[in-house]
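Chemist: What follows is a structure written as structure tokens; I'll ask about it next.
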Amino acid sequence: MNQSSNHAAMIERALKLARRGTGLVEPNPRVGAVVVRDGEIVGEGWHRAYGGAHAEVMALNAAGVRTRGADLYVTLEPCSNHGKTEPCTDAIIATGIRRVFFANTDPNPVNGRRARTILEEAGIEVVELGATPASDAMINDFTTYMRGTLPWVLLKWAMTADGKVATAGGDARWISSEESRAEVHQERQRSDAVLVGRATVKQDDPLLTARTNGNPGRQPVRVVLDSGLHLDPSCKLVQTANETPTWVFHCITAEGEDRKATLEAMGVKTIAVGQGEDGRLNPEEALRYLRANGLHRILVEGGPTVHGALLSQGLADWARVYVAPLLVGGITAPGPVAGPGFPTLDKAVWLGDVHLRIVGEKGSDLVIEGRITNHREG
């Protein structure tokens, strides 16, 4: 195998690793890394979760002492700034890597083109192999995200096999299995915010906190879309607002200064936004506010009206659906997506990069997830 084909093979292996992070790391890019010493792969890694260790660090840790004098192949230029993790360039320098090969330049202006200078000053050879169609495809959503002003939005719901999120009488606890609910808590922990509509708060009175293995973890900001600012001060979200950040978006035209003052006195942050054509608050304006204030990964947990609004306006990026082997029937039992819907199949939302898996030791739930194809800034 000649040198160029060997480089291509290592990058291809790193790309396969990077794909394992799909749906778990966004809005961060999917990245894979391989450590090679004397022609042998001695360490592999990929970015596994938003806020977690990057691919380079995972691969370096896997290689251990064998990193000294080895080569590192990465699908994307290593990061060089302090974010949710330490700079990967620091880790590379500390472990004695001899050469670094990467495919794509980082589209993040904070990092782009900086790694070479930092690593070469430390005596490490750096080779930019150049982008390929496969490596471009791996980060196209991240590139779009970096050029836009919207956060990355994940829609999550649990439904029965006949497509209902509750019975006709409103009973929805619990459609999904215990294992599926544990996954949701993990997703909350990696998200910057978890968002619901006021109807969900009224019906379920949720806490929306992240609890992993029964213990509180990193907590997202809890966000409620409430056009008329009618959130009940006795609900759990308001009652715990001084413990966990709780933001409520409402229309500028919403009446009720007394309600606003009551909520704010209890620790709730209220934010006024404009109205859409339907008279409800403008969800796009709310999402732009979240990103502008440092909230980049948003988990949306309902209800159907919120899901419908985000899908119809092209504001959602990913869907994760837990399907329970349960049939409840009922023509009035609600489905997961409300609103006017799409008039024809060719105008409907399609999922790409689809993943199917079973959750639970007994195969309790089927999980269907994929990338939503009509994102406004895509």
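Every chain in the structure tokens takes a letter, A first, then B, and so on in the order presented; its residues are numbered from 1, and the ligands are numbered from 1 following the presented order.
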Which residues of range 6-67 of chain A come within 10 Å of range 119-142 of chain A, and for each one, what is the closest pair of atoms and their distance in Å to one decimal, counting only C-alpha atoms, sorted by chain and residue number, as a Markdown table?
Modeler:
| residue | atom | partner | partner_atom | distance |
| --- | --- | --- | --- | --- |
| A:His7 | CA | A:Leu129 | CA | 8.0 |
| A:Ala8 | CA | A:Leu129 | CA | 8.7 |
| A:Ile11 | CA | A:Ser135 | CA | 8.6 |
| A:Glu12 | CA | A:Ala134 | CA | 8.5 |
| A:Ala14 | CA | A:Ser135 | CA | 9.7 |
| A:Leu15 | CA | A:Ser135 | CA | 7.0 |
| A:Lys16 | CA | A:Met138 | CA | 9.9 |
| A:Ala18 | CA | A:Met138 | CA | 7.9 |
| A:Arg19 | CA | A:Met138 | CA | 7.6 |
| A:Thr22 | CA | A:Met138 | CA | 9.4 |
| A:Glu26 | CA | A:Phe142 | CA | 7.7 |
| A:Pro27 | CA | A:Phe142 | CA | 6.3 |
| A:Asn28 | CA | A:Phe142 | CA | 6.6 |
| A:Pro29 | CA | A:Phe142 | CA | 5.4 |
| A:Arg30 | CA | A:Met138 | CA | 6.5 |
| A:Val31 | CA | A:Met138 | CA | 8.0 |
Chemist: I'd like the neighbourhood of Ala241 in chain A as a CSV table (one decimal) with N, CA and C atoms, in the first residue's frame, where a residue qualifies if any of its atoms comes within 6 Å (using only C-alpha atoms), though same-chain residues fewer than 5 positions away should be ignored.
Modeler:
chain,number,residue,atom,x,y,z
A,246,THR,N,-35.3,28.5,34.8
A,246,THR,CA,-36.6,28.3,34.1
A,246,THR,C,-36.9,29.6,33.3
A,267,GLY,N,-38.5,33.4,40.7
A,267,GLY,CA,-37.2,33.0,40.0
A,267,GLY,C,-37.3,32.7,38.5
A,268,VAL,N,-38.5,32.9,37.9
A,268,VAL,CA,-38.6,32.6,36.5
A,268,VAL,C,-38.2,33.8,35.7
Chemist: Find the residues of range 118-195 of chain A that sit at most 8 Å from range 347-371 of chain A; for each, write down the nearest two atoms and how far apart they are in Å, to one decimal. Count only C-alpha atoms. Sort by chain, then by number going up, and give it as a Markdown table.
Modeler:
| residue | atom | partner | partner_atom | distance |
| --- | --- | --- | --- | --- |
| A:Ser176 | CA | A:Asp365 | CA | 6.8 |
| A:Ser177 | CA | A:Ser364 | CA | 6.2 |
| A:Glu179 | CA | A:Gly360 | CA | 5.4 |
| A:Ser180 | CA | A:Val359 | CA | 6.4 |
Chemist: Write the selection just made, keeping N, CA and C atoms, as a PDB file, in the first residue's frame?
Modeler:
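What follows is the written file part_30.pdb:
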ATOM      1  N   SER A 176     -43.592   4.900  27.271  1.00  0.00           N
ATOM      2  CA  SER A 176     -42.267   4.337  27.015  1.00  0.00           C
ATOM      3  C   SER A 176     -41.789   3.535  28.214  1.00  0.00           C
ATOM      4  N   SER A 177     -40.776   2.708  27.973  1.00  0.00           N
ATOM      5  CA  SER A 177     -40.228   1.845  29.015  1.00  0.00           C
ATOM      6  C   SER A 177     -39.313   2.622  29.954  1.00  0.00           C
ATOM      7  N   GLU A 179     -36.248   1.948  30.520  1.00  0.00           N
ATOM      8  CA  GLU A 179     -34.960   2.137  29.853  1.00  0.00           C
ATOM      9  C   GLU A 179     -34.996   3.335  28.910  1.00  0.00           C
ATOM     10  N   SER A 180     -36.110   3.509  28.218  1.00  0.00           N
ATOM     11  CA  SER A 180     -36.240   4.665  27.323  1.00  0.00           C
ATOM     12  C   SER A 180     -36.240   5.959  28.114  1.00  0.00           C
TER      13      SER A 180
END
Chemist: Neighbours of range 86-92 of chain A within 7 Å (only C-alpha atoms; same-chain residues fewer than 4 positions away dropped), as a PyMOL selection string?
Modeler: chain A and resi 56-57+78-82+96-97+115+119
Chemist: From a DSSP calculation on the backbone, collect every residue of range 78-203 of chain A in helix (DSSP H, G or I) and output the set as a VMD selection string.
Modeler: chain A and resid 88 to 94 115 to 121 133 to 147 178 to 190 198 to 203
Chemist: So which residues touch Thr143 in chain A within 9 Å, counting only C-alpha atoms, skipping near sequence neighbours fewer than 4 positions away, as a compact mmCIF listing (two decimals) with N, CA and C atoms, in the first residue's frame?
Modeler:
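In the end it all went to out00.txt:
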# COMPACT_ATOMS: atom_id res chain seq x y z
N PRO A 29 -19.50 18.96 15.70
CA PRO A 29 -19.32 18.11 14.51
C PRO A 29 -19.04 16.66 14.91
N ASP A 106 -11.41 23.21 10.14
CA ASP A 106 -12.54 23.50 11.00
C ASP A 106 -13.27 24.76 10.50
N PRO A 107 -14.60 24.66 10.20
CA PRO A 107 -15.32 25.86 9.75
C PRO A 107 -15.61 26.86 10.86
N ASN A 108 -15.33 26.46 12.11
CA ASN A 108 -15.51 27.38 13.23
C ASN A 108 -14.39 28.42 13.17
N ILE A 139 -19.52 16.82 8.04
CA ILE A 139 -19.63 18.07 8.80
C ILE A 139 -20.53 19.10 8.13
N ARG A 147 -22.69 28.92 10.24
CA ARG A 147 -23.02 30.09 9.43
C ARG A 147 -24.35 30.71 9.82
N GLY A 148 -25.10 30.05 10.68
CA GLY A 148 -26.45 30.50 11.01
C GLY A 148 -26.57 31.09 12.40
Chemist: I'd like to know which of A:Pro304, A:His185, A:Leu345, A:Asp317 is closest to Trp157 in chain A, using only C-alpha atoms.
Modeler: A:Pro304
Chemist: Mind checking which residues fall within 12 Å of Thr244 in chain A, counting only C-alpha atoms, ignoring those fewer than 4 positions away in the same chain, and posting them as a PyMOL selection string?
Modeler: chain A and resi 193-194+207-210+216-223+236-240+266-269
Chemist: Write out as a ChimeraX atom specification the set of residues from range 191-263 of chain A that DSSP, computed on the backbone, places in strand (DSSP E or B).
Modeler: /A:193-197,211-212,215-216,221-225,246-251
Chemist: Excluding range 61-70 of chain A and residues on its chain fewer than 2 positions from it, collect all residues at most 10 Å away from it, counting only C-alpha atoms, and give them as a list in words.
Modeler: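 Near range 61-70 of chain A, the qualifying residues are Val34, Val35, Val36, Arg37, Asp38, Gly39, Glu40, Ile41, Val42, Gly43, Glu44, Gly45, Ala55, Glu56, Val57, Met58, Ala59, Leu72, Ala91, Ile92, Ile93, Ala94, Thr95, Gly96, Ile97, Arg98, Arg99, Val100 and Ile124 of chain A.
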Chemist: Smallest atom-to-atom distance to Tyr145 in chain A: which of A:Arg291, A:Gly335, A:Arg116, A:Leu326, using only C-alpha atoms?
Modeler: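 Once distances to Tyr145 in chain A are computed over only C-alpha atoms, the minimum belongs to A:Arg291.
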Chemist: With only C-alpha atoms as the atoms that count, which of A:Glu178, A:Asp204, A:Asp71, A:Asp171 lies nearest to Gly302 in chain A?
Modeler: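 Nearest candidate to Gly302 in chain A out of A:Glu178, A:Asp204, A:Asp71, A:Asp171: A:Asp204.
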Chemist: Which of these residues is nearest to Phe342 in chain A, using only C-alpha atoms: A:Leu311, A:Ala319, A:Val328, A:Val153?
Modeler: A:Leu311
Chemist: Let me make sure I understand: among A:Val74, A:Asp278, A:Ile271, A:Ala182, which one has the smallest atom-to-atom distance to Leu290 in chain A if we use only C-alpha atoms?
Modeler: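 Of the candidates, the smallest distance to Leu290 in chain A is held by A:Ile271.
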